[in-house]
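Asks: Structure: my_file_23.txt, compact mmCIF, C-alpha atoms.
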```
# COMPACT_ATOMS: atom_id res chain seq x y z
CA MET A 1 99.12 64.06 49.72
CA ILE A 2 100.07 61.11 51.99
CA VAL A 3 103.47 62.71 52.70
CA ASN A 4 101.76 65.92 53.82
CA TRP A 5 99.50 64.06 56.28
CA LYS A 6 102.48 62.19 57.72
CA SER A 7 104.39 65.47 58.14
CA LEU A 8 101.39 67.17 59.69
CA SER A 9 100.85 64.26 62.10
CA PHE A 10 104.52 64.34 63.12
CA ILE A 11 104.36 68.10 63.78
CA LEU A 12 101.17 67.81 65.85
CA ILE A 13 102.56 64.97 67.96
CA SER A 14 105.80 66.91 68.49
CA LEU A 15 103.89 69.99 69.62
CA ALA A 16 101.80 67.93 72.05
CA ILE A 17 104.94 66.42 73.59
CA LEU A 18 106.62 69.83 73.90
CA SER A 19 103.57 71.40 75.54
CA CYS A 20 103.41 68.57 78.09
CA GLN A 21 107.08 69.09 78.93
CA ASN A 22 106.49 72.82 79.35
CA ASN A 23 103.64 72.16 81.82
CA LYS A 24 105.88 69.81 83.81
CA ALA A 25 108.56 72.52 84.09
CA GLN A 26 105.98 75.05 85.29
CA ASN A 27 104.60 72.59 87.86
CA ARG A 28 108.13 71.90 89.16
CA ALA A 29 108.62 75.63 89.87
CA ALA A 30 105.36 75.80 91.83
CA ASP A 31 106.31 72.66 93.78
CA SER A 32 109.86 73.75 94.61
CA PHE A 33 110.92 75.68 97.70
CA LEU A 34 113.66 77.28 95.55
CA PRO A 35 112.65 77.42 91.88
CA MET A 36 115.68 77.34 89.61
CA GLN A 37 115.65 78.76 86.11
CA ILE A 38 118.03 81.21 84.44
CA GLY A 39 116.50 84.67 84.86
CA ASN A 40 114.81 84.04 88.21
CA LEU A 41 115.25 87.18 90.33
CA TRP A 42 114.85 88.08 94.00
CA TYR A 43 114.99 91.90 94.07
CA MET A 44 115.06 94.21 97.10
CA ASN A 45 116.47 97.28 95.33
CA ALA A 46 119.14 98.23 92.79
CA GLN A 47 121.84 97.64 95.43
CA SER A 48 120.57 94.28 96.75
CA TYR A 49 119.29 91.43 94.62
CA THR A 50 119.97 87.83 93.59
CA GLU A 51 119.57 86.51 90.06
CA ILE A 52 120.19 83.13 88.44
CA LYS A 53 122.64 84.01 85.67
CA ASP A 54 123.75 80.69 84.19
CA THR A 55 124.25 76.97 84.70
CA VAL A 56 127.46 75.01 85.11
CA ARG A 57 128.37 71.35 85.46
CA ILE A 58 130.26 70.50 88.63
CA ASN A 59 131.34 66.89 88.98
CA LYS A 60 128.90 66.06 86.13
CA LYS A 61 125.92 67.56 88.02
CA LEU A 62 123.95 70.61 86.83
CA PHE A 63 124.20 73.63 89.16
CA TYR A 64 122.61 77.06 88.79
CA LYS A 65 124.80 80.14 89.16
CA PHE A 66 123.24 82.55 91.68
CA TYR A 67 124.75 86.04 91.43
CA SER A 68 124.03 88.46 94.29
CA LEU A 69 124.76 92.14 94.72
CA VAL A 70 124.67 93.06 98.40
CA GLY A 71 124.56 96.68 99.53
CA GLY A 72 125.65 97.96 96.14
CA ASP A 73 129.31 97.02 96.48
CA ALA A 74 129.63 93.41 97.65
CA VAL A 75 129.20 90.54 95.19
CA SER A 76 128.51 86.89 95.93
CA THR A 77 128.28 83.97 93.54
CA VAL A 78 127.04 80.56 94.69
CA TYR A 79 126.23 77.44 92.71
CA LEU A 80 123.11 75.57 93.82
CA ARG A 81 121.09 72.55 92.75
CA ILE A 82 118.29 70.45 94.19
CA ASP A 83 119.32 66.80 94.10
CA GLU A 84 117.28 63.64 93.65
CA GLN A 85 116.49 63.50 97.40
CA ASN A 86 115.10 67.09 97.34
CA LYS A 87 118.17 68.50 99.13
CA LEU A 88 119.51 71.95 98.30
CA ILE A 89 123.21 71.42 97.51
CA GLU A 90 125.88 74.09 97.15
CA GLY A 91 129.05 73.41 95.17
CA TYR A 92 131.88 75.27 93.44
CA PRO A 93 133.71 74.64 90.16
CA ASP A 94 137.12 75.13 91.82
CA SER A 95 136.34 72.44 94.47
CA PRO A 96 134.20 69.92 92.57
CA LEU A 97 134.32 67.18 95.23
CA LYS A 98 133.24 69.40 98.14
CA THR A 99 129.53 70.13 98.62
CA TYR A 100 127.37 71.73 101.29
CA THR A 101 123.80 70.74 102.17
CA ARG A 102 121.86 73.99 102.61
CA ALA A 103 118.37 72.50 103.00
CA ASP A 104 116.57 69.17 103.03
CA PHE A 105 113.06 69.84 101.78
CA ASN A 106 111.98 66.26 102.59
CA ALA A 107 113.00 66.61 106.25
CA LYS A 108 110.38 66.66 108.97
CA MET A 109 109.89 69.16 111.78
CA GLY A 110 112.71 68.75 114.30
CA ASP A 111 114.99 66.78 111.95
CA LYS A 112 118.70 67.68 112.08
CA PHE A 113 121.53 67.38 109.55
CA PHE A 114 124.97 68.91 108.98
CA THR A 115 126.02 71.15 106.10
CA THR A 116 129.34 69.33 105.47
CA GLY A 117 129.66 66.59 108.08
CA GLU A 118 133.36 67.46 108.47
CA LYS A 119 133.07 68.80 112.05
CA ASP A 120 135.07 71.91 111.20
CA GLU A 121 134.32 75.63 111.61
CA ASN A 122 132.35 75.65 108.34
CA ASP A 123 130.07 72.78 109.38
CA ASN A 124 126.66 73.84 110.71
CA GLU A 125 124.10 71.77 112.55
CA VAL A 126 120.83 72.47 110.73
CA THR A 127 117.45 71.93 112.37
CA VAL A 128 114.03 72.12 110.71
CA ILE A 129 112.20 74.52 113.04
CA GLN A 130 109.04 75.14 110.98
CA LYS A 131 107.37 73.22 108.17
CA SER A 132 104.03 73.45 106.41
CA ASP A 133 102.85 72.61 102.91
CA THR A 134 103.94 76.06 101.72
CA GLU A 135 106.78 77.19 104.04
CA MET A 136 109.90 75.71 105.59
CA THR A 137 112.40 77.26 108.02
CA PHE A 138 115.88 75.98 108.86
CA SER A 139 118.06 77.03 111.79
CA PHE A 140 121.85 76.95 111.22
CA ASP A 141 124.09 76.65 114.30
CA PRO A 142 127.87 76.68 113.67
CA ILE A 143 128.46 74.35 116.63
CA TYR A 144 132.15 73.75 115.78
CA HIS A 145 133.02 77.45 115.54
CA PRO A 146 134.51 78.75 118.82
CA ASN A 147 132.92 82.22 118.60
CA LEU A 148 129.66 81.56 116.76
CA LYS A 149 128.42 78.36 118.45
CA GLY A 150 125.03 78.94 120.06
CA HIS A 151 124.18 81.87 117.78
CA PRO A 152 122.04 80.24 115.09
CA SER A 153 120.69 82.01 112.03
CA GLN A 154 117.50 81.12 110.20
CA VAL A 155 116.60 80.72 106.54
CA LYS A 156 112.97 80.45 105.47
CA TYR A 157 111.65 79.29 102.08
CA ILE A 158 108.24 79.72 100.51
CA LYS A 159 107.11 77.06 98.03
CA GLY A 160 107.11 78.39 94.48
CA LYS A 161 108.91 81.63 95.48
CA GLY A 162 112.20 80.78 97.22
CA TRP A 163 113.62 82.80 100.09
CA ALA A 164 111.10 84.44 102.41
CA GLU A 165 112.48 87.97 102.53
CA LYS A 166 110.84 91.36 101.96
CA PHE A 167 111.53 91.52 98.23
CA LYS A 168 110.05 94.35 96.19
CA LYS A 169 109.98 92.14 93.12
CA LEU A 170 110.31 88.46 92.31
CA LYS A 171 110.63 86.96 88.87
CA ILE A 172 110.07 83.20 88.95
CA ASP A 173 110.06 81.31 85.66
CA GLY A 174 109.08 84.45 83.77
CA VAL A 175 106.25 85.48 86.11
CA VAL A 176 106.82 88.80 87.94
CA TYR A 177 105.46 89.34 91.47
CA GLN A 178 105.52 92.90 92.87
CA ASN A 179 105.12 93.98 96.49
```
As structure tokens, please, write out the structure in this file.
Replies:
Amino acid sequence: MIVNWKSLSFILISLAILSCQNNKAQNRAADSFLPMQIGNLWYMNAQSYTEIKDTVRINKKLFYKFYSLVGGDAVSTVYLRIDEQNKLIEGYPDSPLKTYTRADFNAKMGDKFFTTGEKDENDNEVTVIQKSDTEMTFSFDPIYHPNLKGHPSQVKYIKGKGWAEKFKKLKIDGVVYQN
């Protein structure tokens, strides 16, 4: 009988620990400007969507594999992670030492940073142009590109949802949102 109580106590404690970890994971998704979990989906239509398909280690860091179908015939795969400083980092398995900073979610309104810092055509000057508790917008200006300098593009994020586009359906950590 004593063995059964010890086993039962161990099982109950294990379940309590697992449920606490599950709540932490759910809270992280709600607190993130780009929630990352395999299966998350940003869906416009059958020809245009992005889905997290897998994870991969690049230079010993965990990245999420974002697969996108664009216009029904173009495919894009990017590898993203949010680092310890709350920066959105892009990397690739075939170039493990090269990374790009796509967003800094700790930055303040008006703050600037560069995507690579290499001062080449792929380096963008990024400016935080809007920030609230629930939304953040970044402006990307390719200032070292001879033809694109002065023609910035913007990317907006919504906390708990990711990119602020007109998606018909979102699936974030198993929860489906329909528009």
Asks: Quick one: residues within 6 Å of A:Arg81, all atoms listed in the file counted, chain neighbours fewer than 6 positions away excluded, as a list in words?
Replies: Phe63, Leu88 and Ile89 of chain A
Asks: Filtering to C-alpha atoms, could you give me those residues as an mmCIF file, in the coordinates of the input?
Replies:
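Final file, result-v3.cif:
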```
data_model
loop_
_atom_site.group_PDB
_atom_site.id
_atom_site.type_symbol
_atom_site.label_atom_id
_atom_site.label_comp_id
_atom_site.auth_asym_id
_atom_site.auth_seq_id
_atom_site.Cartn_x
_atom_site.Cartn_y
_atom_site.Cartn_z
ATOM 1 C CA PHE A 63 124.200 73.630 89.160
ATOM 2 C CA LEU A 88 119.510 71.950 98.300
ATOM 3 C CA ILE A 89 123.210 71.420 97.510
#
```
Asks: As an exercise, work out the distance from atom CA of A:Ser32 to atom CA of A:Val78 in Å and give it to one decimal place.
Replies: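 Distance between the two atoms: 18.5 Å.
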Asks: Write out as an MDAnalysis selection string each polymer residue whose atoms come within 12 Å of stretch 125-139 of chain A, counting all atoms listed in the file; drop sequence neighbours fewer than 3 positions from it.
Replies: chainID A and resid 30:34 88 100:122 142:145 149:164
Asks: Find, counting only C-alpha atoms, the residue in A:Gln85, A:Gly72, A:Glu90, A:Phe66 that gets nearest to A:Trp42.
Replies: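 Closest to A:Trp42, using only C-alpha atoms: A:Phe66.
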Asks: If you measure from atom CA of A:Phe140 to atom CA of A:Lys166, what distance in Å do you get, rounded to one decimal?
Replies: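 According to the coordinates, atom CA of A:Phe140 and atom CA of A:Lys166 are separated by 20.4 Å.
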Asks: Please compute the atom CA of A:Phe167-atom CA of A:Asn86 distance, one decimal, in Å.
Replies: 24.7 Å
Asks: Nearest residue to A:Asn45 out of A:Asp141, A:Gly174, A:Lys60, A:Lys169, using all atoms listed in the file?
Replies: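 Between A:Asp141, A:Gly174, A:Lys60, A:Lys169, the residue approaching A:Asn45 most closely is A:Lys169.
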